Amino acid sequence: SSKWARARAILKEFEEKCGTPDAKLKQVADAMTVEMHAGLASEGGSKLKMLISYVDNLPTGDEEGVFYALDLGGTNFRVLRVQLGGKDGGIVHQEFAEASIPPNLMVGTSEALFDYIAAELAKFVAEEEEKFHQPPGKQRELGFTFSFPIMQTSINSGTLIRWTKGFSIDDTVGQDVVAELTKAMQRKGIDMRVSALVNDTVGTLAGGRFSSKDVSIAVILGTGTNAAYVERAQAIPKWHGPLPKSGEMVINMEWGNFRSSHLPLTEYDHAMDTDSLNPGEQIFEKICSGMYLGEILRRVLLRMAEEAGIFGDEVPPKLKNQFILRTPEMSAMHHDTSSDLRVVGDKLKDILEISNTSLKTRRLVVELCNIVATRGARLAAAGVLGIVKKMGRDTPRESGQEKIVVAMDGGLYEHYTEYRKCLENTLVELLGEEMATSIVFEHANDGSGIGAALLAASNSLYV
Ligand code: ADP
Ligand code: MG
């Protein structure tokens, strides 16, 4: 029927606009490398902030003692306690508590947000066993993982550049987030010192390095997306401080804000961006990360409902709600292996109140999931290639050179299997089988929290 012809036409056009042939991905990777150079050359030299992390030594494995971490990511936040065993001792003990951020606190006041976090931290500490208590006169030490762009001023201070991922709290911007947290901890009577302020990518790099010495890149694919890597200090023209002894500096790229004329953007992306809390910003993040994939899918489905009536004569009202279709649900539909696509049918019914969908309609939905996820995963792979190129590791290695391990984390990477497989296959495709053997992806489970605790240890006042 003409209805189906119209739906297919919308799909075809979307698919074409989302196309990521290898040649395009290589252009994206090259553009990423160029922007990395520009961001390192001068402050404000690029959309890529290439932030200096003040981490010039990654964990050695010799760290010892009880340390805390607080991980504020976007969707959830976690409090951790990690007991490190010293040389060859590894992680003796770890424990965590998790809470979600109430949506009203994401757009409220700075004080309310930090009070909430400090209250959860106070609860965690109050419940802990005696054996974890610090000796008299010694403060507990905490690594604070704060996954938003920060202009770092030292290893344990830094001001918020701007919020992302649906947060919008004006009075935090420009403030030192460690000072904000410290004040809130004092209000709640917690005796704790923030020893390290780290981005989640930097934490993941540190946590990954603890278990595998070849880790030199970390990528987060969760609510948002970002990457960090180990750069030669000499290759950072904008760094005017003393050269670190190690000769290295971890750079937090803030790659979510990457953009390039080579990125395949569609009308749906432009509309979503316009309607977002941060229009014009985080364009790479808006096509690759978990916060947005489901929303892009919703927008295409809405168009198909309006113009091709794929869900009947009336447009299902729920389908008009922004962000109603979340990426975990999209992922569940994409992975539906049942012959009648039962999961797709159930999700459409439960989330959008669309009942009695035909198999044909369900197949169309799965096809759309695949287009959206494939574009995101392939672009993320191109981003990794850009870093590998910047590190000069995209050509056959000299003998003796180690492989590069990329520490990966985030809910999207962890749970969206099709996305993850596509990302990994794409890097092999781009580098060629042989070169690709020297780049290894490793899931650094909760690396960002453990990494922050490790960095709190290496920046402890008491060693
Ligand atoms: P954050 O990025 O907020 O620190 P996570 O790394 O846990 O937190 O990532 C959470 C995000 O991961 C969710 O917002 C969602 O987009 C994505 N996600 C979680 N579970 C799944 C899933 N099953 N399938 C696809 N994406 C998922
Ligand atoms: Mg996180």
# chains A, B, ... in the order shown; residues from 1 in each chain; ligands from 1
>>> select_by_dssp(residues="range 197-247 of chain A", states="strand (DSSP E)", output="ChimeraX atom specification")
/A:197-198,215-221,225-232
>>> select_by_dssp(residues="range 394-454 of chain A", states="helix (DSSP H, G or I)", output="PyMOL selection string")
chain A and resi 411-415+417-431+433-436+447-454
>>> residues_near_ligand(ligand="ligand 2", cutoff="10 Å", atoms="only C-alpha atoms and all ligand atoms", output="count of residues only")
29
>>> closest_atom_pairs(of="range 328-390 of chain A", to="range 6-10 of chain A", cutoff="12 Å", atoms="only C-alpha atoms", output="JSON lines")
{"residue": "A:Lys360", "atom": "CA", "partner": "A:Ala7", "partner_atom": "CA", "distance": 11.2}
{"residue": "A:Thr361", "atom": "CA", "partner": "A:Ala7", "partner_atom": "CA", "distance": 9.7}
{"residue": "A:Arg363", "atom": "CA", "partner": "A:Arg8", "partner_atom": "CA", "distance": 11.6}
{"residue": "A:Leu364", "atom": "CA", "partner": "A:Arg8", "partner_atom": "CA", "distance": 8.5}
{"residue": "A:Val365", "atom": "CA", "partner": "A:Ala7", "partner_atom": "CA", "distance": 10.9}
{"residue": "A:Glu367", "atom": "CA", "partner": "A:Arg8", "partner_atom": "CA", "distance": 10.7}
{"residue": "A:Leu368", "atom": "CA", "partner": "A:Ile10", "partner_atom": "CA", "distance": 10.5}
>>> residues_around(residues="Leu277 in chain A", least_positions_apart="2", cutoff="10 Å", atoms="only C-alpha atoms", output="list in words")
Trp163, Thr164, Lys165, Gly166, Phe167, Ser168, Met272, Asp273, Thr274, Asp275, Pro279, Gly280 and Glu281 of chain A
>>> write_last_selection(atoms="N, CA and C atoms", output="PDB file, in the first residue's frame")
ATOM      1  N   TRP A 163      27.411  22.304  32.266  1.00  0.00           N
ATOM      2  CA  TRP A 163      26.739  21.027  32.477  1.00  0.00           C
ATOM      3  C   TRP A 163      26.462  20.376  31.128  1.00  0.00           C
ATOM      4  N   THR A 164      26.264  19.065  31.129  1.00  0.00           N
ATOM      5  CA  THR A 164      25.837  18.323  29.936  1.00  0.00           C
ATOM      6  C   THR A 164      24.816  17.280  30.405  1.00  0.00           C
ATOM      7  N   LYS A 165      24.387  16.412  29.491  1.00  0.00           N
ATOM      8  CA  LYS A 165      23.572  15.235  29.809  1.00  0.00           C
ATOM      9  C   LYS A 165      22.305  15.537  30.609  1.00  0.00           C
ATOM     10  N   GLY A 166      21.677  16.667  30.335  1.00  0.00           N
ATOM     11  CA  GLY A 166      20.395  16.951  30.979  1.00  0.00           C
ATOM     12  C   GLY A 166      20.504  17.670  32.315  1.00  0.00           C
ATOM     13  N   PHE A 167      21.720  17.937  32.786  1.00  0.00           N
ATOM     14  CA  PHE A 167      21.895  18.744  33.998  1.00  0.00           C
ATOM     15  C   PHE A 167      21.912  20.215  33.602  1.00  0.00           C
ATOM     16  N   SER A 168      21.319  21.053  34.428  1.00  0.00           N
ATOM     17  CA  SER A 168      21.361  22.485  34.176  1.00  0.00           C
ATOM     18  C   SER A 168      21.168  23.211  35.497  1.00  0.00           C
ATOM     19  N   MET A 272      16.408  17.450  17.446  1.00  0.00           N
ATOM     20  CA  MET A 272      16.669  17.045  18.837  1.00  0.00           C
ATOM     21  C   MET A 272      17.637  18.028  19.491  1.00  0.00           C
ATOM     22  N   ASP A 273      18.646  18.435  18.726  1.00  0.00           N
ATOM     23  CA  ASP A 273      19.632  19.382  19.251  1.00  0.00           C
ATOM     24  C   ASP A 273      18.965  20.714  19.605  1.00  0.00           C
ATOM     25  N   THR A 274      18.136  21.208  18.685  1.00  0.00           N
ATOM     26  CA  THR A 274      17.454  22.485  18.916  1.00  0.00           C
ATOM     27  C   THR A 274      16.603  22.437  20.183  1.00  0.00           C
ATOM     28  N   ASP A 275      15.950  21.300  20.407  1.00  0.00           N
ATOM     29  CA  ASP A 275      15.069  21.164  21.567  1.00  0.00           C
ATOM     30  C   ASP A 275      15.827  20.849  22.862  1.00  0.00           C
ATOM     31  N   PRO A 279      21.737  23.397  23.067  1.00  0.00           N
ATOM     32  CA  PRO A 279      21.772  23.388  21.599  1.00  0.00           C
ATOM     33  C   PRO A 279      23.143  23.777  21.051  1.00  0.00           C
ATOM     34  N   GLY A 280      23.544  23.076  20.004  1.00  0.00           N
ATOM     35  CA  GLY A 280      24.824  23.386  19.353  1.00  0.00           C
ATOM     36  C   GLY A 280      26.018  22.744  20.034  1.00  0.00           C
ATOM     37  N   GLU A 281      25.791  22.197  21.223  1.00  0.00           N
ATOM     38  CA  GLU A 281      26.903  21.577  21.946  1.00  0.00           C
ATOM     39  C   GLU A 281      26.764  20.062  21.967  1.00  0.00           C
TER      40      GLU A 281
END
>>> residues_around(residues="Phe441 in chain A", least_positions_apart="5", cutoff="12 Å", atoms="only C-alpha atoms", output="ChimeraX atom specification")
/A:208,212,214-220,381,384,403-409,413,420-421,423-425,427-428,436
>>> write_last_selection(atoms="C-alpha atoms", output="PDB file, in the first residue's frame")
ATOM      1  CA  GLY A 208      42.276  -0.028  33.849  1.00  0.00           C
ATOM      2  CA  SER A 212      46.591  -4.072  32.723  1.00  0.00           C
ATOM      3  CA  ASP A 214      49.093  -1.517  28.462  1.00  0.00           C
ATOM      4  CA  VAL A 215      45.974   0.590  29.042  1.00  0.00           C
ATOM      5  CA  SER A 216      46.567   4.022  27.526  1.00  0.00           C
ATOM      6  CA  ILE A 217      43.121   5.026  26.229  1.00  0.00           C
ATOM      7  CA  ALA A 218      39.782   5.013  28.043  1.00  0.00           C
ATOM      8  CA  VAL A 219      36.378   5.484  26.445  1.00  0.00           C
ATOM      9  CA  ILE A 220      33.062   5.896  28.222  1.00  0.00           C
ATOM     10  CA  ALA A 381      35.095   3.510  16.492  1.00  0.00           C
ATOM     11  CA  VAL A 384      39.084   5.678  18.766  1.00  0.00           C
ATOM     12  CA  LYS A 403      49.886  -3.240  22.262  1.00  0.00           C
ATOM     13  CA  ILE A 404      47.359  -0.559  23.171  1.00  0.00           C
ATOM     14  CA  VAL A 405      44.577  -1.562  25.505  1.00  0.00           C
ATOM     15  CA  VAL A 406      41.478   0.619  25.403  1.00  0.00           C
ATOM     16  CA  ALA A 407      39.641   0.522  28.744  1.00  0.00           C
ATOM     17  CA  MET A 408      35.925   0.700  27.966  1.00  0.00           C
ATOM     18  CA  ASP A 409      33.071   1.398  30.351  1.00  0.00           C
ATOM     19  CA  TYR A 413      28.939  -0.360  26.044  1.00  0.00           C
ATOM     20  CA  ARG A 420      29.550  -3.034  21.218  1.00  0.00           C
ATOM     21  CA  LYS A 421      30.103  -5.686  18.543  1.00  0.00           C
ATOM     22  CA  LEU A 423      32.148  -0.735  17.432  1.00  0.00           C
ATOM     23  CA  GLU A 424      34.778  -3.445  17.810  1.00  0.00           C
ATOM     24  CA  ASN A 425      34.283  -4.853  14.306  1.00  0.00           C
ATOM     25  CA  LEU A 427      37.879  -0.677  14.294  1.00  0.00           C
ATOM     26  CA  VAL A 428      39.184  -3.932  12.786  1.00  0.00           C
ATOM     27  CA  ALA A 436      43.903  -4.346  14.691  1.00  0.00           C
TER      28      ALA A 436
END
>>> atom_distance(atom1="CA of Pro102 in chain A", atom2="atom 14 (O, counted along the ligand's line) of ligand 1")
13.8 Å
>>> closest_residue(among="A:Lys24, A:Lys286, A:Arg209, A:Lys87", to="ligand 1", atoms="only C-alpha atoms and all ligand atoms")
A:Lys286
>>> closest_residue(among="A:Leu302, A:Val372, A:Ala119, A:Val194", to="Ile287 in chain A", atoms="only C-alpha atoms")
A:Val372
>>> residues_around(residues="range 29-45 of chain A", least_positions_apart="5", cutoff="12 Å", atoms="only C-alpha atoms", output="PDB file with N, CA and C atoms, in the first residue's frame")
ATOM      1  N   THR A  20      27.651   5.540   7.088  1.00  0.00           N
ATOM      2  CA  THR A  20      29.014   5.719   7.595  1.00  0.00           C
ATOM      3  C   THR A  20      29.979   4.789   6.858  1.00  0.00           C
ATOM      4  N   ASP A  22      33.381   3.386   5.190  1.00  0.00           N
ATOM      5  CA  ASP A  22      34.736   3.474   5.748  1.00  0.00           C
ATOM      6  C   ASP A  22      35.429   4.789   5.397  1.00  0.00           C
ATOM      7  N   ALA A  23      35.260   5.222   4.150  1.00  0.00           N
ATOM      8  CA  ALA A  23      35.953   6.442   3.720  1.00  0.00           C
ATOM      9  C   ALA A  23      35.517   7.629   4.582  1.00  0.00           C
ATOM     10  N   LYS A  24      34.232   7.673   4.902  1.00  0.00           N
ATOM     11  CA  LYS A  24      33.713   8.761   5.744  1.00  0.00           C
ATOM     12  C   LYS A  24      34.266   8.657   7.164  1.00  0.00           C
ATOM     13  N   MET A  50      40.308  19.121  25.282  1.00  0.00           N
ATOM     14  CA  MET A  50      41.603  18.469  25.579  1.00  0.00           C
ATOM     15  C   MET A  50      42.123  18.930  26.942  1.00  0.00           C
ATOM     16  N   LEU A  51      41.329  18.642  27.961  1.00  0.00           N
ATOM     17  CA  LEU A  51      41.602  19.168  29.300  1.00  0.00           C
ATOM     18  C   LEU A  51      42.770  18.453  29.975  1.00  0.00           C
ATOM     19  N   ILE A  52      43.626  19.236  30.607  1.00  0.00           N
ATOM     20  CA  ILE A  52      44.756  18.683  31.349  1.00  0.00           C
ATOM     21  C   ILE A  52      44.236  18.160  32.685  1.00  0.00           C
ATOM     22  N   MET A 151      37.515  22.681  34.194  1.00  0.00           N
ATOM     23  CA  MET A 151      38.832  23.289  34.000  1.00  0.00           C
ATOM     24  C   MET A 151      39.601  23.036  35.278  1.00  0.00           C
ATOM     25  N   ILE A 161      32.961  23.939  33.709  1.00  0.00           N
ATOM     26  CA  ILE A 161      32.858  24.732  32.479  1.00  0.00           C
ATOM     27  C   ILE A 161      31.392  24.852  32.069  1.00  0.00           C
ATOM     28  N   ALA A 227      36.327  10.451  26.139  1.00  0.00           N
ATOM     29  CA  ALA A 227      37.541   9.632  26.080  1.00  0.00           C
ATOM     30  C   ALA A 227      38.700  10.369  26.716  1.00  0.00           C
ATOM     31  N   ALA A 228      39.656   9.598  27.220  1.00  0.00           N
ATOM     32  CA  ALA A 228      40.901  10.143  27.760  1.00  0.00           C
ATOM     33  C   ALA A 228      42.040   9.257  27.271  1.00  0.00           C
ATOM     34  N   TYR A 229      43.241   9.816  27.232  1.00  0.00           N
ATOM     35  CA  TYR A 229      44.391   9.016  26.800  1.00  0.00           C
ATOM     36  C   TYR A 229      45.666   9.604  27.393  1.00  0.00           C
ATOM     37  N   GLU A 231      49.099  11.269  26.957  1.00  0.00           N
ATOM     38  CA  GLU A 231      49.804  12.089  25.963  1.00  0.00           C
ATOM     39  C   GLU A 231      51.228  12.362  26.459  1.00  0.00           C
ATOM     40  N   ARG A 232      52.147  12.597  25.531  1.00  0.00           N
ATOM     41  CA  ARG A 232      53.483  13.036  25.910  1.00  0.00           C
ATOM     42  C   ARG A 232      53.385  14.494  26.365  1.00  0.00           C
ATOM     43  N   ALA A 233      53.947  14.801  27.519  1.00  0.00           N
ATOM     44  CA  ALA A 233      53.841  16.164  28.048  1.00  0.00           C
ATOM     45  C   ALA A 233      54.432  17.175  27.070  1.00  0.00           C
ATOM     46  N   GLN A 234      55.458  16.754  26.356  1.00  0.00           N
ATOM     47  CA  GLN A 234      56.108  17.624  25.363  1.00  0.00           C
ATOM     48  C   GLN A 234      55.173  18.006  24.218  1.00  0.00           C
ATOM     49  N   ALA A 235      54.141  17.200  24.021  1.00  0.00           N
ATOM     50  CA  ALA A 235      53.245  17.418  22.891  1.00  0.00           C
ATOM     51  C   ALA A 235      52.020  18.245  23.288  1.00  0.00           C
ATOM     52  N   ILE A 236      52.119  18.945  24.428  1.00  0.00           N
ATOM     53  CA  ILE A 236      51.001  19.773  24.891  1.00  0.00           C
ATOM     54  C   ILE A 236      51.455  21.228  24.954  1.00  0.00           C
ATOM     55  N   PRO A 237      51.467  21.931  23.826  1.00  0.00           N
ATOM     56  CA  PRO A 237      51.984  23.302  23.809  1.00  0.00           C
ATOM     57  C   PRO A 237      51.309  24.220  24.828  1.00  0.00           C
ATOM     58  N   LYS A 238      50.021  23.970  25.119  1.00  0.00           N
ATOM     59  CA  LYS A 238      49.328  24.899  26.030  1.00  0.00           C
ATOM     60  C   LYS A 238      49.707  24.671  27.490  1.00  0.00           C
ATOM     61  N   TRP A 239      50.457  23.619  27.778  1.00  0.00           N
ATOM     62  CA  TRP A 239      50.886  23.353  29.158  1.00  0.00           C
ATOM     63  C   TRP A 239      52.165  24.130  29.441  1.00  0.00           C
ATOM     64  N   HIS A 240      52.082  25.092  30.390  1.00  0.00           N
ATOM     65  CA  HIS A 240      53.250  25.918  30.679  1.00  0.00           C
ATOM     66  C   HIS A 240      53.874  25.573  32.021  1.00  0.00           C
ATOM     67  N   MET A 249      51.155  13.015  30.503  1.00  0.00           N
ATOM     68  CA  MET A 249      50.003  13.676  31.123  1.00  0.00           C
ATOM     69  C   MET A 249      48.734  13.039  30.547  1.00  0.00           C
ATOM     70  N   VAL A 250      47.809  12.713  31.418  1.00  0.00           N
ATOM     71  CA  VAL A 250      46.527  12.197  30.933  1.00  0.00           C
ATOM     72  C   VAL A 250      45.675  13.378  30.472  1.00  0.00           C
ATOM     73  N   ILE A 251      45.123  13.257  29.285  1.00  0.00           N
ATOM     74  CA  ILE A 251      44.266  14.297  28.728  1.00  0.00           C
ATOM     75  C   ILE A 251      42.818  13.807  28.677  1.00  0.00           C
ATOM     76  N   ASN A 252      41.934  14.600  29.253  1.00  0.00           N
ATOM     77  CA  ASN A 252      40.497  14.355  29.142  1.00  0.00           C
ATOM     78  C   ASN A 252      40.002  15.110  27.914  1.00  0.00           C
ATOM     79  N   MET A 253      39.694  14.363  26.865  1.00  0.00           N
ATOM     80  CA  MET A 253      39.383  15.009  25.586  1.00  0.00           C
ATOM     81  C   MET A 253      38.075  15.788  25.573  1.00  0.00           C
ATOM     82  N   GLU A 254      37.095  15.356  26.362  1.00  0.00           N
ATOM     83  CA  GLU A 254      35.721  15.861  26.217  1.00  0.00           C
ATOM     84  C   GLU A 254      35.271  15.713  24.753  1.00  0.00           C
ATOM     85  N   TRP A 255      35.435  14.489  24.252  1.00  0.00           N
ATOM     86  CA  TRP A 255      35.142  14.271  22.830  1.00  0.00           C
ATOM     87  C   TRP A 255      33.652  14.342  22.497  1.00  0.00           C
ATOM     88  N   GLY A 256      32.821  14.325  23.507  1.00  0.00           N
ATOM     89  CA  GLY A 256      31.388  14.478  23.263  1.00  0.00           C
ATOM     90  C   GLY A 256      31.058  15.769  22.525  1.00  0.00           C
ATOM     91  N   ASN A 257      31.920  16.764  22.672  1.00  0.00           N
ATOM     92  CA  ASN A 257      31.665  18.055  22.024  1.00  0.00           C
ATOM     93  C   ASN A 257      32.303  18.152  20.634  1.00  0.00           C
ATOM     94  N   PHE A 258      32.894  17.033  20.179  1.00  0.00           N
ATOM     95  CA  PHE A 258      33.475  17.022  18.830  1.00  0.00           C
ATOM     96  C   PHE A 258      32.380  17.287  17.803  1.00  0.00           C
ATOM     97  N   ARG A 259      32.712  18.049  16.785  1.00  0.00           N
ATOM     98  CA  ARG A 259      31.814  18.106  15.630  1.00  0.00           C
ATOM     99  C   ARG A 259      32.628  18.350  14.378  1.00  0.00           C
ATOM    100  N   SER A 260      32.090  17.946  13.265  1.00  0.00           N
ATOM    101  CA  SER A 260      32.818  18.038  12.014  1.00  0.00           C
ATOM    102  C   SER A 260      31.797  17.982  10.885  1.00  0.00           C
ATOM    103  N   SER A 261      32.135  18.615   9.787  1.00  0.00           N
ATOM    104  CA  SER A 261      31.217  18.578   8.636  1.00  0.00           C
ATOM    105  C   SER A 261      31.098  17.154   8.097  1.00  0.00           C
ATOM    106  N   HIS A 262      32.019  16.274   8.498  1.00  0.00           N
ATOM    107  CA  HIS A 262      31.951  14.886   8.029  1.00  0.00           C
ATOM    108  C   HIS A 262      30.956  14.033   8.806  1.00  0.00           C
ATOM    109  N   LEU A 263      30.475  14.546   9.944  1.00  0.00           N
ATOM    110  CA  LEU A 263      29.518  13.745  10.721  1.00  0.00           C
ATOM    111  C   LEU A 263      28.196  13.634   9.960  1.00  0.00           C
ATOM    112  N   PHE A 284      28.711  15.211  18.890  1.00  0.00           N
ATOM    113  CA  PHE A 284      29.167  13.817  18.796  1.00  0.00           C
ATOM    114  C   PHE A 284      28.432  12.963  19.837  1.00  0.00           C
ATOM    115  N   ARG A 378      29.742   3.018  14.932  1.00  0.00           N
ATOM    116  CA  ARG A 378      30.796   3.197  13.917  1.00  0.00           C
ATOM    117  C   ARG A 378      31.505   4.543  14.115  1.00  0.00           C
ATOM    118  N   LEU A 379      30.754   5.549  14.503  1.00  0.00           N
ATOM    119  CA  LEU A 379      31.398   6.844  14.758  1.00  0.00           C
ATOM    120  C   LEU A 379      32.268   6.789  16.005  1.00  0.00           C
ATOM    121  N   ALA A 380      31.821   6.047  17.010  1.00  0.00           N
ATOM    122  CA  ALA A 380      32.655   5.896  18.212  1.00  0.00           C
ATOM    123  C   ALA A 380      33.965   5.199  17.836  1.00  0.00           C
ATOM    124  N   ALA A 381      33.879   4.205  16.959  1.00  0.00           N
ATOM    125  CA  ALA A 381      35.095   3.510  16.492  1.00  0.00           C
ATOM    126  C   ALA A 381      36.009   4.482  15.751  1.00  0.00           C
ATOM    127  N   ALA A 382      35.419   5.346  14.941  1.00  0.00           N
ATOM    128  CA  ALA A 382      36.227   6.346  14.222  1.00  0.00           C
ATOM    129  C   ALA A 382      36.926   7.267  15.209  1.00  0.00           C
ATOM    130  N   GLY A 383      36.251   7.589  16.300  1.00  0.00           N
ATOM    131  CA  GLY A 383      36.857   8.414  17.348  1.00  0.00           C
ATOM    132  C   GLY A 383      38.081   7.723  17.938  1.00  0.00           C
ATOM    133  N   VAL A 384      37.944   6.440  18.221  1.00  0.00           N
ATOM    134  CA  VAL A 384      39.084   5.678  18.766  1.00  0.00           C
ATOM    135  C   VAL A 384      40.230   5.686  17.756  1.00  0.00           C
ATOM    136  N   LEU A 385      39.893   5.496  16.487  1.00  0.00           N
ATOM    137  CA  LEU A 385      40.941   5.533  15.457  1.00  0.00           C
ATOM    138  C   LEU A 385      41.655   6.887  15.455  1.00  0.00           C
ATOM    139  N   GLY A 386      40.897   7.958  15.658  1.00  0.00           N
ATOM    140  CA  GLY A 386      41.498   9.294  15.722  1.00  0.00           C
ATOM    141  C   GLY A 386      42.548   9.380  16.828  1.00  0.00           C
ATOM    142  N   ILE A 387      42.249   8.798  17.985  1.00  0.00           N
ATOM    143  CA  ILE A 387      43.202   8.819  19.112  1.00  0.00           C
ATOM    144  C   ILE A 387      44.424   7.971  18.782  1.00  0.00           C
ATOM    145  N   VAL A 388      44.170   6.786  18.240  1.00  0.00           N
ATOM    146  CA  VAL A 388      45.269   5.879  17.882  1.00  0.00           C
ATOM    147  C   VAL A 388      46.201   6.572  16.884  1.00  0.00           C
ATOM    148  N   LYS A 389      45.615   7.310  15.963  1.00  0.00           N
ATOM    149  CA  LYS A 389      46.422   8.067  14.991  1.00  0.00           C
ATOM    150  C   LYS A 389      47.242   9.147  15.676  1.00  0.00           C
ATOM    151  N   LYS A 390      46.592   9.863  16.585  1.00  0.00           N
ATOM    152  CA  LYS A 390      47.305  10.928  17.310  1.00  0.00           C
ATOM    153  C   LYS A 390      48.489  10.349  18.074  1.00  0.00           C
ATOM    154  N   MET A 391      48.336   9.134  18.558  1.00  0.00           N
ATOM    155  CA  MET A 391      49.415   8.480  19.298  1.00  0.00           C
ATOM    156  C   MET A 391      50.450   7.854  18.360  1.00  0.00           C
ATOM    157  N   GLY A 392      50.189   7.971  17.052  1.00  0.00           N
ATOM    158  CA  GLY A 392      51.128   7.420  16.072  1.00  0.00           C
ATOM    159  C   GLY A 392      51.161   5.902  16.062  1.00  0.00           C
ATOM    160  N   ASP A 394      48.841   3.895  14.407  1.00  0.00           N
ATOM    161  CA  ASP A 394      47.962   3.324  13.387  1.00  0.00           C
ATOM    162  C   ASP A 394      48.750   2.655  12.269  1.00  0.00           C
ATOM    163  N   LEU A 427      36.469  -1.044  14.137  1.00  0.00           N
ATOM    164  CA  LEU A 427      37.879  -0.677  14.294  1.00  0.00           C
ATOM    165  C   LEU A 427      38.771  -1.652  13.521  1.00  0.00           C
ATOM    166  N   LEU A 430      38.597  -0.729   9.945  1.00  0.00           N
ATOM    167  CA  LEU A 430      39.307   0.504   9.601  1.00  0.00           C
ATOM    168  C   LEU A 430      40.824   0.336   9.657  1.00  0.00           C
ATOM    169  N   LEU A 431      41.294  -0.449  10.602  1.00  0.00           N
ATOM    170  CA  LEU A 431      42.743  -0.607  10.782  1.00  0.00           C
ATOM    171  C   LEU A 431      43.315  -1.741   9.946  1.00  0.00           C
TER     172      LEU A 431
END
>>> residues_around(residues="Ser195 in chain A", least_positions_apart="5", cutoff="7 Å", atoms="only C-alpha atoms", output="PyMOL selection string")
chain A and resi 141-143+156+456+459-460
>>> write_last_selection(atoms="N, CA and C atoms", output="PDB file, in the first residue's frame")
ATOM      1  N   GLU A 141      40.067   9.808  52.928  1.00  0.00           N
ATOM      2  CA  GLU A 141      40.389  10.481  51.665  1.00  0.00           C
ATOM      3  C   GLU A 141      39.540   9.925  50.523  1.00  0.00           C
ATOM      4  N   LEU A 142      39.140  10.845  49.658  1.00  0.00           N
ATOM      5  CA  LEU A 142      38.161  10.523  48.625  1.00  0.00           C
ATOM      6  C   LEU A 142      38.634  10.954  47.239  1.00  0.00           C
ATOM      7  N   GLY A 143      38.386  10.107  46.271  1.00  0.00           N
ATOM      8  CA  GLY A 143      38.542  10.490  44.870  1.00  0.00           C
ATOM      9  C   GLY A 143      37.159  10.833  44.336  1.00  0.00           C
ATOM     10  N   ASN A 156      43.302  18.272  42.808  1.00  0.00           N
ATOM     11  CA  ASN A 156      42.055  18.235  43.590  1.00  0.00           C
ATOM     12  C   ASN A 156      41.284  19.562  43.619  1.00  0.00           C
ATOM     13  N   ALA A 456      43.104   8.847  44.531  1.00  0.00           N
ATOM     14  CA  ALA A 456      43.088   9.435  45.881  1.00  0.00           C
ATOM     15  C   ALA A 456      44.270   8.878  46.666  1.00  0.00           C
ATOM     16  N   ASN A 459      47.556  10.390  45.589  1.00  0.00           N
ATOM     17  CA  ASN A 459      47.661  11.794  45.972  1.00  0.00           C
ATOM     18  C   ASN A 459      47.328  12.016  47.443  1.00  0.00           C
ATOM     19  N   SER A 460      47.504  10.972  48.232  1.00  0.00           N
ATOM     20  CA  SER A 460      47.209  11.055  49.662  1.00  0.00           C
ATOM     21  C   SER A 460      48.153  12.019  50.367  1.00  0.00           C
TER      22      SER A 460
END
>>> residues_around(residues="range 57-68 of chain A", least_positions_apart="4", cutoff="6 Å", atoms="only C-alpha atoms", output="PyMOL selection string")
chain A and resi 80-87+141-142+206+210+453
>>> closest_residue(among="A:Glu329, A:Glu16, A:Glu307, A:Asp340", to="ligand 1", atoms="only C-alpha atoms and all ligand atoms")
A:Glu329
>>> atom_distance(atom1="CA of Ala457 in chain A", atom2="CA of Leu121 in chain A")
18.4 Å
>>> atom_distance(atom1="CA of Glu120 in chain A", atom2="atom 9 (O, counted along the ligand's line) of ligand 1")
19.6 Å
>>> closest_residue(among="A:Tyr462, A:Tyr292, A:Phe114, A:Phe311", to="ligand 1", atoms="only C-alpha atoms and all ligand atoms")
A:Tyr292
>>> closest_residue(among="A:Met291, A:Ile450, A:Ala99, A:Leu325", to="ligand 1", atoms="only C-alpha atoms and all ligand atoms")
A:Met291
